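Enquirer: File upload_5.txt below, compact mmCIF, C-alpha atoms:
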# COMPACT_ATOMS: atom_id res chain seq x y z
CA MET A 1 -19.75 10.54 41.79
CA THR A 2 -22.10 12.51 39.56
CA ALA A 3 -21.75 14.32 36.27
CA GLU A 4 -22.28 17.67 38.02
CA ARG A 5 -19.34 17.22 40.41
CA VAL A 6 -16.75 16.25 37.84
CA ALA A 7 -15.09 18.37 35.20
CA PRO A 8 -16.05 16.43 32.07
CA ILE A 9 -13.43 14.93 29.83
CA PRO A 10 -14.14 15.20 26.09
CA LEU A 11 -16.79 13.02 24.49
CA SER A 12 -16.67 11.83 20.90
CA VAL A 13 -18.97 9.79 18.65
CA LEU A 14 -18.35 6.42 16.97
CA ASP A 15 -20.89 5.75 14.22
CA LEU A 16 -21.52 2.67 12.10
CA ALA A 17 -24.14 4.25 9.83
CA PRO A 18 -26.47 1.38 10.81
CA VAL A 19 -29.25 0.29 8.47
CA SER A 20 -32.52 0.02 10.39
CA GLU A 21 -35.19 -2.52 9.60
CA GLY A 22 -37.37 -1.03 6.86
CA SER A 23 -34.79 1.55 5.74
CA THR A 24 -32.03 1.53 3.11
CA PRO A 25 -28.23 1.88 3.04
CA ALA A 26 -28.65 5.23 1.28
CA GLU A 27 -30.75 6.48 4.18
CA ALA A 28 -28.12 5.19 6.60
CA VAL A 29 -25.42 7.25 4.87
CA ARG A 30 -27.53 10.41 4.88
CA ARG A 31 -28.41 9.89 8.54
CA SER A 32 -24.75 9.51 9.45
CA ILE A 33 -24.02 12.87 7.85
CA ALA A 34 -26.96 14.44 9.70
CA LEU A 35 -25.74 12.97 12.99
CA ALA A 36 -22.25 14.38 12.40
CA ARG A 37 -23.69 17.85 11.88
CA ALA A 38 -25.67 17.53 15.10
CA ALA A 39 -22.68 16.15 17.03
CA GLN A 40 -20.66 19.18 15.98
CA GLN A 41 -23.44 21.50 17.15
CA TRP A 42 -23.74 19.72 20.50
CA GLY A 43 -20.03 19.89 21.31
CA TYR A 44 -18.64 16.43 20.61
CA ARG A 45 -14.93 16.50 19.81
CA ARG A 46 -14.71 13.83 17.09
CA PHE A 47 -16.93 11.84 14.75
CA TRP A 48 -15.47 8.45 13.89
CA LEU A 49 -16.75 5.86 11.42
CA ALA A 50 -16.34 2.10 11.67
CA GLU A 51 -15.36 -0.01 8.67
CA HIS A 52 -17.51 -3.09 8.02
CA HIS A 53 -18.25 -4.88 4.75
CA PHE A 54 -21.15 -6.90 3.31
CA VAL A 55 -23.38 -6.30 6.34
CA SER A 56 -26.14 -3.82 7.12
CA VAL A 57 -24.05 -0.74 7.83
CA GLY A 58 -23.42 2.18 5.50
CA SER A 59 -19.79 2.95 6.40
CA SER A 60 -18.08 0.30 4.26
CA SER A 61 -16.29 2.89 2.10
CA THR A 62 -15.05 4.68 5.18
CA ALA A 63 -12.72 7.22 3.57
CA THR A 64 -15.46 8.26 1.14
CA LEU A 65 -17.95 8.84 3.95
CA ILE A 66 -15.31 10.68 5.99
CA ALA A 67 -14.81 13.07 3.07
CA LEU A 68 -18.56 13.63 2.73
CA ILE A 69 -18.90 14.34 6.44
CA ALA A 70 -15.88 16.65 6.47
CA ALA A 71 -17.53 18.58 3.63
CA ALA A 72 -20.81 18.80 5.54
CA THR A 73 -19.24 20.06 8.79
CA GLU A 74 -16.85 22.84 9.77
CA SER A 75 -14.93 22.08 12.95
CA ILE A 76 -15.52 18.60 14.37
CA ARG A 77 -12.68 16.14 13.79
CA VAL A 78 -13.61 13.26 11.49
CA GLY A 79 -11.92 9.90 11.25
CA SER A 80 -11.84 6.12 10.98
CA ALA A 81 -12.50 3.65 13.77
CA ALA A 82 -10.73 1.90 12.33
CA VAL A 83 -9.22 1.26 8.88
CA GLN A 84 -8.84 -2.53 8.59
CA LEU A 85 -5.27 -2.77 7.39
CA GLY A 86 -5.78 -6.28 6.08
CA HIS A 87 -7.94 -4.79 3.31
CA HIS A 88 -5.81 -1.74 2.46
CA THR A 89 -2.16 -1.11 1.69
CA PRO A 90 -0.37 1.59 3.69
CA ALA A 91 0.03 3.60 0.48
CA SER A 92 -3.68 3.55 -0.34
CA VAL A 93 -4.54 4.61 3.21
CA VAL A 94 -2.12 7.55 3.26
CA GLU A 95 -3.11 8.71 -0.23
CA ALA A 96 -6.84 8.59 0.64
CA PHE A 97 -6.49 10.51 3.89
CA GLY A 98 -3.93 12.86 2.38
CA THR A 99 -6.40 13.73 -0.37
CA ILE A 100 -9.13 14.56 2.15
CA ASP A 101 -6.67 16.53 4.29
CA ALA A 102 -5.73 18.63 1.26
CA VAL A 103 -9.27 20.04 1.27
CA PHE A 104 -10.06 19.87 5.00
CA PRO A 105 -6.65 20.26 6.65
CA GLY A 106 -6.07 19.49 10.30
CA ARG A 107 -9.38 17.72 10.98
CA LEU A 108 -8.65 14.06 10.24
CA ASP A 109 -8.08 11.15 12.64
CA LEU A 110 -6.61 8.08 10.95
CA GLY A 111 -7.57 5.17 13.18
CA LEU A 112 -5.86 1.85 12.42
CA GLY A 113 -6.97 -1.67 13.37
CA ARG A 114 -5.61 -5.18 12.89
CA SER A 115 -8.93 -6.93 12.22
CA GLY A 116 -7.59 -8.52 9.05
CA GLN A 117 -4.58 -9.98 10.79
CA ARG A 118 -6.74 -11.29 13.67
CA ARG A 119 -9.01 -12.99 11.15
CA HIS A 120 -6.11 -14.72 9.41
CA GLU A 121 -4.74 -15.87 12.76
CA ALA A 122 -8.13 -17.31 13.70
CA LEU A 123 -8.43 -19.15 10.38
CA ALA A 124 -4.93 -20.57 10.75
CA ALA A 125 -5.71 -21.75 14.26
CA ALA A 126 -8.96 -23.37 13.12
CA THR A 127 -7.22 -25.40 10.40
CA SER A 128 -4.26 -26.54 12.46
CA ALA A 129 -4.27 -29.42 14.91
CA PRO A 130 -4.49 -28.20 18.51
CA THR A 131 -1.31 -28.80 20.45
CA ARG A 132 -2.69 -27.96 23.87
CA PRO A 133 -6.08 -27.33 25.49
CA PRO A 134 -7.35 -23.76 25.50
CA LEU A 135 -6.36 -21.62 28.44
CA PRO A 136 -9.06 -21.05 31.06
CA ARG A 137 -10.87 -17.77 30.70
CA GLU A 138 -10.79 -15.11 33.37
CA PRO A 139 -13.91 -15.07 35.56
CA GLU A 140 -16.22 -12.10 35.73
CA ARG A 141 -15.22 -9.35 38.13
CA VAL A 142 -16.15 -5.82 39.17
CA VAL A 143 -13.33 -3.29 39.55
CA ASP A 144 -14.24 -0.17 41.47
CA GLY A 145 -17.77 -0.28 40.09
CA LEU A 146 -16.89 -1.25 36.50
CA LEU A 147 -18.12 -4.64 35.25
CA LEU A 148 -15.49 -6.77 33.50
CA PRO A 149 -17.42 -9.83 32.31
CA GLU A 150 -16.00 -13.19 31.32
CA PRO A 151 -14.23 -12.83 27.95
CA PHE A 152 -16.10 -13.80 24.81
CA ALA A 153 -14.43 -16.48 22.68
CA SER A 154 -14.25 -14.83 19.25
CA ALA A 155 -12.41 -17.52 17.27
CA ALA A 156 -15.58 -19.10 15.87
CA MET A 157 -16.94 -15.72 14.78
CA LEU A 158 -13.67 -14.73 13.08
CA SER A 159 -13.59 -18.03 11.16
CA SER A 160 -17.23 -17.86 10.01
CA PRO A 161 -18.10 -18.39 6.31
CA LEU A 162 -19.13 -14.73 5.99
CA ILE A 163 -15.78 -13.52 7.28
CA ALA A 164 -13.91 -15.89 4.97
CA ALA A 165 -15.99 -14.81 1.96
CA THR A 166 -15.47 -11.16 2.86
CA ALA A 167 -11.71 -11.65 2.88
CA GLN A 168 -11.85 -13.39 -0.48
CA ALA A 169 -13.85 -10.52 -1.97
CA LEU A 170 -11.67 -7.75 -0.55
CA GLU A 171 -8.18 -9.22 -0.94
CA PHE A 172 -6.30 -10.30 -4.05
CA GLU A 173 -5.76 -14.03 -4.35
CA GLY A 174 -2.39 -14.96 -2.93
CA ALA A 175 -1.89 -11.60 -1.24
CA THR A 176 0.22 -11.71 1.91
CA GLN A 177 -1.35 -10.36 5.05
CA PRO A 178 0.96 -7.61 6.38
CA ASP A 179 2.19 -7.65 9.94
CA PHE A 180 0.33 -4.91 11.78
CA ALA A 181 3.48 -3.34 13.23
CA ASP A 182 5.08 -3.16 9.80
CA ALA A 183 1.96 -1.65 8.23
CA VAL A 184 1.73 1.04 10.91
CA SER A 185 5.43 1.81 10.49
CA ASP A 186 5.00 2.18 6.72
CA ILE A 187 2.04 4.54 7.17
CA LEU A 188 4.03 6.73 9.56
CA ALA A 189 6.97 6.77 7.15
CA LEU A 190 4.78 7.84 4.23
CA LEU A 191 3.20 10.60 6.29
CA ASP A 192 6.54 11.78 7.63
CA GLY A 193 8.46 12.05 4.40
CA GLY A 194 9.01 8.87 2.46
CA LEU A 195 8.98 5.09 2.47
CA ARG A 196 12.09 3.28 1.31
CA VAL A 197 11.41 0.17 -0.78
CA GLY A 198 14.70 -1.40 -1.75
CA GLU A 199 16.80 1.35 -3.32
CA VAL A 200 13.81 3.61 -4.03
CA GLU A 201 12.25 6.17 -1.72
CA LEU A 202 8.52 6.63 -2.32
CA HIS A 203 6.61 9.81 -1.53
CA ALA A 204 2.82 9.82 -1.13
CA VAL A 205 1.17 12.48 -3.31
CA PRO A 206 -1.05 13.65 -1.66
CA GLY A 207 -0.34 12.33 1.82
CA GLU A 208 3.22 13.26 2.67
CA HIS A 209 3.24 15.71 5.60
CA ALA A 210 -0.58 15.69 5.75
CA ASP A 211 -1.89 17.08 9.04
CA VAL A 212 -3.45 13.77 10.07
CA GLU A 213 -3.54 12.30 13.60
CA VAL A 214 -2.75 8.57 13.65
CA TRP A 215 -4.53 6.37 16.21
CA VAL A 216 -4.45 2.68 17.03
CA PHE A 217 -7.54 0.73 18.11
CA GLY A 218 -7.30 -2.43 20.21
CA SER A 219 -9.30 -4.83 22.33
CA SER A 220 -6.63 -6.61 24.37
CA LYS A 221 -3.07 -6.46 25.68
CA GLY A 222 -1.79 -7.86 22.38
CA GLN A 223 -0.07 -6.36 19.39
CA SER A 224 -2.32 -3.32 18.85
CA ALA A 225 -1.75 -1.95 22.36
CA GLN A 226 1.96 -2.72 22.17
CA VAL A 227 2.42 -1.08 18.76
CA ALA A 228 0.49 2.02 19.83
CA GLY A 229 2.74 2.39 22.85
CA ALA A 230 5.99 1.67 21.05
CA GLU A 231 5.21 4.15 18.27
CA GLY A 232 4.06 6.85 20.69
CA LEU A 233 0.53 7.03 19.27
CA PRO A 234 -2.81 7.61 21.01
CA PHE A 235 -4.75 4.43 21.77
CA VAL A 236 -8.45 3.54 21.76
CA ALA A 237 -9.52 0.65 23.99
CA ASN A 238 -12.77 -0.99 22.90
CA TYR A 239 -14.90 -1.51 26.02
CA HIS A 240 -18.01 -1.66 23.86
CA VAL A 241 -16.60 -4.58 21.81
CA SER A 242 -14.51 -6.43 24.39
CA PRO A 243 -15.44 -5.19 27.87
CA ALA A 244 -13.62 -8.04 29.61
CA THR A 245 -10.18 -6.97 28.42
CA VAL A 246 -10.31 -3.18 28.50
CA LEU A 247 -8.07 -2.77 31.56
CA GLU A 248 -5.38 -5.12 30.29
CA ALA A 249 -5.39 -3.29 26.95
CA VAL A 250 -4.93 0.10 28.59
CA ASP A 251 -2.24 -1.23 30.94
CA ALA A 252 -0.29 -2.82 28.07
CA TYR A 253 -0.43 0.40 26.09
CA ARG A 254 0.86 2.49 28.98
CA ALA A 255 3.58 -0.05 29.84
CA ASN A 256 4.89 0.02 26.25
CA PHE A 257 4.56 3.76 25.67
CA ARG A 258 7.56 5.67 24.39
CA PRO A 259 7.32 9.42 23.75
CA SER A 260 7.33 10.42 20.10
CA ALA A 261 7.17 13.55 17.99
CA ARG A 262 3.42 12.98 17.84
CA LEU A 263 2.74 12.42 21.53
CA ALA A 264 4.74 13.14 24.67
CA GLU A 265 2.57 11.14 27.09
CA PRO A 266 0.07 8.28 26.74
CA TYR A 267 -3.39 9.31 25.57
CA VAL A 268 -6.23 6.85 26.06
CA VAL A 269 -9.74 6.92 24.64
CA VAL A 270 -12.22 4.28 25.82
CA SER A 271 -15.38 3.36 23.93
CA ALA A 272 -18.84 2.65 25.33
CA ASP A 273 -22.18 1.63 23.86
CA VAL A 274 -25.01 3.79 25.21
CA VAL A 275 -28.68 4.50 24.74
CA VAL A 276 -29.98 7.64 26.43
CA ALA A 277 -33.62 8.72 26.63
CA ASP A 278 -35.71 11.01 28.79
CA ASP A 279 -36.15 8.29 31.42
CA ASP A 280 -34.74 4.87 32.24
CA SER A 281 -37.86 3.01 31.14
CA LEU A 282 -37.94 4.52 27.65
CA ALA A 283 -34.21 3.98 27.19
CA THR A 284 -34.59 0.32 28.14
CA GLN A 285 -37.35 -0.09 25.56
CA LEU A 286 -35.30 1.60 22.82
CA ALA A 287 -32.29 -0.61 23.59
CA SER A 288 -34.28 -3.86 23.68
CA THR A 289 -33.16 -5.04 20.21
CA TYR A 290 -29.47 -4.38 20.78
CA GLY A 291 -29.03 -8.01 21.85
CA HIS A 292 -30.54 -9.27 18.59
CA TRP A 293 -28.04 -7.17 16.64
CA VAL A 294 -25.05 -8.40 18.66
CA TYR A 295 -26.28 -12.01 18.44
CA ASP A 296 -26.24 -11.93 14.64
CA ILE A 297 -22.71 -10.53 14.67
CA ARG A 298 -21.44 -13.11 17.13
CA THR A 299 -22.97 -16.07 15.36
CA GLY A 300 -21.27 -15.18 12.09
CA ARG A 301 -24.16 -13.59 10.17
CA GLY A 302 -22.78 -10.10 10.60
CA ALA A 303 -24.74 -6.98 11.47
CA GLN A 304 -28.30 -7.31 10.20
CA PRO A 305 -30.87 -4.49 9.86
CA TYR A 306 -31.45 -3.07 13.34
CA LEU A 307 -34.80 -4.39 14.52
CA ASP A 308 -37.83 -2.38 15.62
CA PRO A 309 -38.42 -2.86 19.37
CA GLY A 310 -42.16 -2.63 18.75
CA THR A 311 -42.28 -5.78 16.61
CA ALA A 312 -39.18 -7.87 17.38
CA PRO A 313 -39.64 -11.06 19.42
CA PRO A 314 -37.66 -11.33 22.64
CA LEU A 315 -34.36 -13.18 22.66
CA THR A 316 -34.48 -16.82 23.64
CA VAL A 317 -32.67 -17.93 26.78
CA ASP A 318 -29.79 -19.32 24.72
CA GLN A 319 -29.56 -16.22 22.54
CA ARG A 320 -29.46 -13.95 25.56
CA ALA A 321 -26.73 -16.03 27.17
CA ALA A 322 -24.59 -15.60 24.05
CA VAL A 323 -24.69 -11.80 24.32
CA ASP A 324 -25.10 -11.36 28.06
CA ASP A 325 -21.72 -9.67 28.54
CA ARG A 326 -22.56 -7.01 25.96
CA LEU A 327 -26.05 -6.41 27.32
CA ARG A 328 -24.78 -5.86 30.85
CA THR A 329 -22.01 -3.51 29.74
CA GLN A 330 -24.23 -1.33 27.56
CA PHE A 331 -25.06 1.89 29.40
CA VAL A 332 -28.80 2.47 29.13
CA GLY A 333 -30.99 5.01 30.88
CA ALA A 334 -31.81 8.62 31.56
CA PRO A 335 -29.01 11.16 31.02
CA SER A 336 -27.90 11.16 34.67
CA THR A 337 -27.90 7.35 34.77
CA VAL A 338 -25.67 6.99 31.73
CA ALA A 339 -23.39 9.88 32.69
CA GLU A 340 -22.76 8.23 36.07
CA GLN A 341 -21.78 4.98 34.35
CA LEU A 342 -19.51 6.79 31.92
CA HIS A 343 -17.76 8.58 34.77
CA THR A 344 -17.11 5.19 36.36
CA LEU A 345 -15.66 3.91 33.07
CA ALA A 346 -13.41 6.96 32.77
CA ARG A 347 -12.27 6.78 36.40
CA VAL A 348 -11.41 3.07 36.38
CA THR A 349 -9.62 3.09 33.03
CA GLY A 350 -7.99 6.49 33.51
CA ALA A 351 -9.34 7.55 30.12
CA ASP A 352 -8.42 10.97 28.76
CA GLU A 353 -11.50 10.92 26.52
CA LEU A 354 -14.54 8.71 25.90
CA VAL A 355 -16.10 7.80 22.56
CA ILE A 356 -19.72 6.66 22.57
CA THR A 357 -21.73 4.73 20.05
CA SER A 358 -25.51 4.79 20.25
CA VAL A 359 -27.72 2.69 17.98
CA THR A 360 -31.53 2.69 17.97
CA HIS A 361 -34.03 1.64 15.35
CA ASP A 362 -35.52 5.10 14.93
CA PHE A 363 -33.09 7.80 13.84
CA ASP A 364 -34.84 10.49 15.89
CA ASP A 365 -34.22 8.39 19.02
CA ARG A 366 -30.56 8.05 18.03
CA LEU A 367 -30.24 11.81 17.63
CA ARG A 368 -32.00 12.35 20.95
CA SER A 369 -29.64 9.92 22.70
CA HIS A 370 -26.57 11.92 21.62
CA GLN A 371 -28.30 15.22 22.35
CA LEU A 372 -29.33 14.35 25.89
CA LEU A 373 -25.91 12.98 26.79
CA ALA A 374 -24.13 16.06 25.42
CA ALA A 375 -26.24 18.32 27.59
CA GLU A 376 -25.86 16.15 30.70
CA TRP A 377 -22.11 15.86 30.23
CA GLY A 378 -21.72 19.60 29.94
CA LEU A 379 -20.71 19.76 26.29
CA THR A 380 -23.54 22.21 25.69
CA ASP A 381 -25.93 24.14 27.88
CA SER A 382 -28.75 23.99 25.36
CA HIS A 383 -30.76 21.33 23.52
CA ARG A 384 -31.95 19.56 26.67
Spit out the file's structure as structure tokens when you get a sec.

Expert:
Amino acid sequence: MTAERVAPIPLSVLDLAPVSEGSTPAEAVRRSIALARAAQQWGYRRFWLAEHHFVSVGSSSTATLIALIAAATESIRVGSAAVQLGHHTPASVVEAFGTIDAVFPGRLDLGLGRSGQRRHEALAAATSAPTRPPLPREPERVVDGLLLPEPFASAAMLSSPLIAATAQALEFEGATQPDFADAVSDILALLDGGLRVGEVELHAVPGEHADVEVWVFGSSKGQSAQVAGAEGLPFVANYHVSPATVLEAVDAYRANFRPSARLAEPYVVVSADVVVADDDSLATQLASTYGHWVYDIRTGRGAQPYLDPGTAPPLTVDQRAAVDDRLRTQFVGAPSTVAEQLHTLARVTGADELVITSVTHDFDDRLRSHQLLAAEWGLTDSHR
């Protein structure tokens, strides 16, 4: 199967506004805006921003950056991937996105994630006495050409000192972590016409009846996939974060799907991490510090400045083993190489759309990666 023989499904962009080694957060924000403008020109459908705090990414104030990007573009959809509901109340989320929608109506995607709840569950598990041994992990397998590696055990990362300190800084002392299903339900109620709290009905101003698409992001067959299906919302399965569990996440979403006023049939977007260059060799060189970046995240330090491939030392054997699943599921190469891998991902998962994230040290290489893929995929006939 090649890109030329297949009618392409839409491609979108997931951006973290990464801070490169030697640059600044301010530069990262400006580069994210520039990338959004280029993505619009090259035919990408959406431009999504990830929320991370106290690490080397510029998208921590996601709604603010979404508003800036919406102001700097004309037609591309802009949204969150995803709002961490553990750090925001449903009311604050709806009011923020409703305010942006008042100025840029019909262009916003409100992506929701349960990262905060997962973190609290991990911390609770770490402090409680184990009652049974951990379940064995699924072995690595290949399904119709798509690699599903052995799952990564994320409990230690979620209970790291950085994560705990982040929660303390972002949440009020004694605040109760909301159940994800309840938080999503409250957001939908506020958007649709009012949230009842006791005997009082609250109306978000702005926010009520805002023309905002609500999405749910998930990495497994757990609550996120189930809530997305039960509420009749579109679902994003994170192959680039948790490649081992992408198929179970998609299957759980589809099994739980119930038609809603927002969506008549399941709609699945699957993410992938890519680096595209003019040839396979150059792409491999540009992607050579991706493992360093993932290693810092997985060992609890969080995303550090993205290293320069020209000066960074190679990963040690132990470091590489800790990130091997992510390295082997990153799609790296010339445009035709990466497009072939993305078609495999779409075919095996049954995705209706793909969202790609591409991080390189040099911003021009990051732009070029998105540009080459857009042309190869058929989003645009120019800019090769």

Enquirer: Range 101-109 of chain A: which residues within 7 Å, counting all atoms listed in the file, same-chain residues fewer than 5 positions away excluded, as number ranges by chain?

Expert: A: 70, 77-80, 210-215

Enquirer: Contacts of Arg366 in chain A at 12 Å or less, counting all atoms listed in the file, minus same-chain residues fewer than 6 places along, as an mmCIF file with C-alpha atoms, keeping the file's coordinate frame?

Expert:
data_model
loop_
_atom_site.group_PDB
_atom_site.id
_atom_site.type_symbol
_atom_site.label_atom_id
_atom_site.label_comp_id
_atom_site.auth_asym_id
_atom_site.auth_seq_id
_atom_site.Cartn_x
_atom_site.Cartn_y
_atom_site.Cartn_z
ATOM 1 C CA VAL A 13 -18.970 9.790 18.650
ATOM 2 C CA ASP A 15 -20.890 5.750 14.220
ATOM 3 C CA ALA A 17 -24.140 4.250 9.830
ATOM 4 C CA PRO A 18 -26.470 1.380 10.810
ATOM 5 C CA SER A 20 -32.520 0.020 10.390
ATOM 6 C CA ARG A 31 -28.410 9.890 8.540
ATOM 7 C CA SER A 32 -24.750 9.510 9.450
ATOM 8 C CA ALA A 34 -26.960 14.440 9.700
ATOM 9 C CA LEU A 35 -25.740 12.970 12.990
ATOM 10 C CA ALA A 36 -22.250 14.380 12.400
ATOM 11 C CA ALA A 38 -25.670 17.530 15.100
ATOM 12 C CA ALA A 39 -22.680 16.150 17.030
ATOM 13 C CA VAL A 274 -25.010 3.790 25.210
ATOM 14 C CA VAL A 275 -28.680 4.500 24.740
ATOM 15 C CA VAL A 276 -29.980 7.640 26.430
ATOM 16 C CA ALA A 277 -33.620 8.720 26.630
ATOM 17 C CA ALA A 283 -34.210 3.980 27.190
ATOM 18 C CA LEU A 286 -35.300 1.600 22.820
ATOM 19 C CA ALA A 287 -32.290 -0.610 23.590
ATOM 20 C CA ILE A 356 -19.720 6.660 22.570
ATOM 21 C CA THR A 357 -21.730 4.730 20.050
ATOM 22 C CA SER A 358 -25.510 4.790 20.250
ATOM 23 C CA VAL A 359 -27.720 2.690 17.980
ATOM 24 C CA THR A 360 -31.530 2.690 17.970
ATOM 25 C CA LEU A 372 -29.330 14.350 25.890
ATOM 26 C CA LEU A 373 -25.910 12.980 26.790
#

Enquirer: Work out how far CA of Gly113 in chain A is from CA of Thr64 in chain A, in Å to one decimal.

Expert: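 Spanning CA of Thr64 in chain A to CA of Gly113 in chain A is a straight-line distance of 17.9 Å.
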
Enquirer: So what do you get for CA of Pro309 in chain A versus CA of Gln330 in chain A, distance-wise?

Expert: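 Interatomic distance, CA of Pro309 in chain A to CA of Gln330 in chain A: 16.5 Å.
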
Enquirer: Rank A:Ala237, A:Leu367, A:Ala183, A:Ala374 by their smallest atom-to-atom distance to Arg37 in chain A, using only C-alpha atoms, and report the top residue only.

Expert: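 Of A:Ala237, A:Leu367, A:Ala183, A:Ala374, the one nearest Arg37 in chain A, counting only C-alpha atoms, is A:Leu367.
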
Enquirer: Restricting the calculation to only C-alpha atoms: of A:Leu147, A:Ala204, A:Val236, A:Ala63, which residue gets closest to Val348 in chain A?

Expert: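 Using only C-alpha atoms, Val348 in chain A sits closest to A:Leu147.
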
Enquirer: Taking all atoms listed in the file into account, name the residue in A:Gly300, A:Pro151, A:Gly22, A:Pro10 that is nearest to Trp42 in chain A.

Expert: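 Going through A:Gly300, A:Pro151, A:Gly22, A:Pro10 one by one, the smallest distance to Trp42 in chain A is for A:Pro10.
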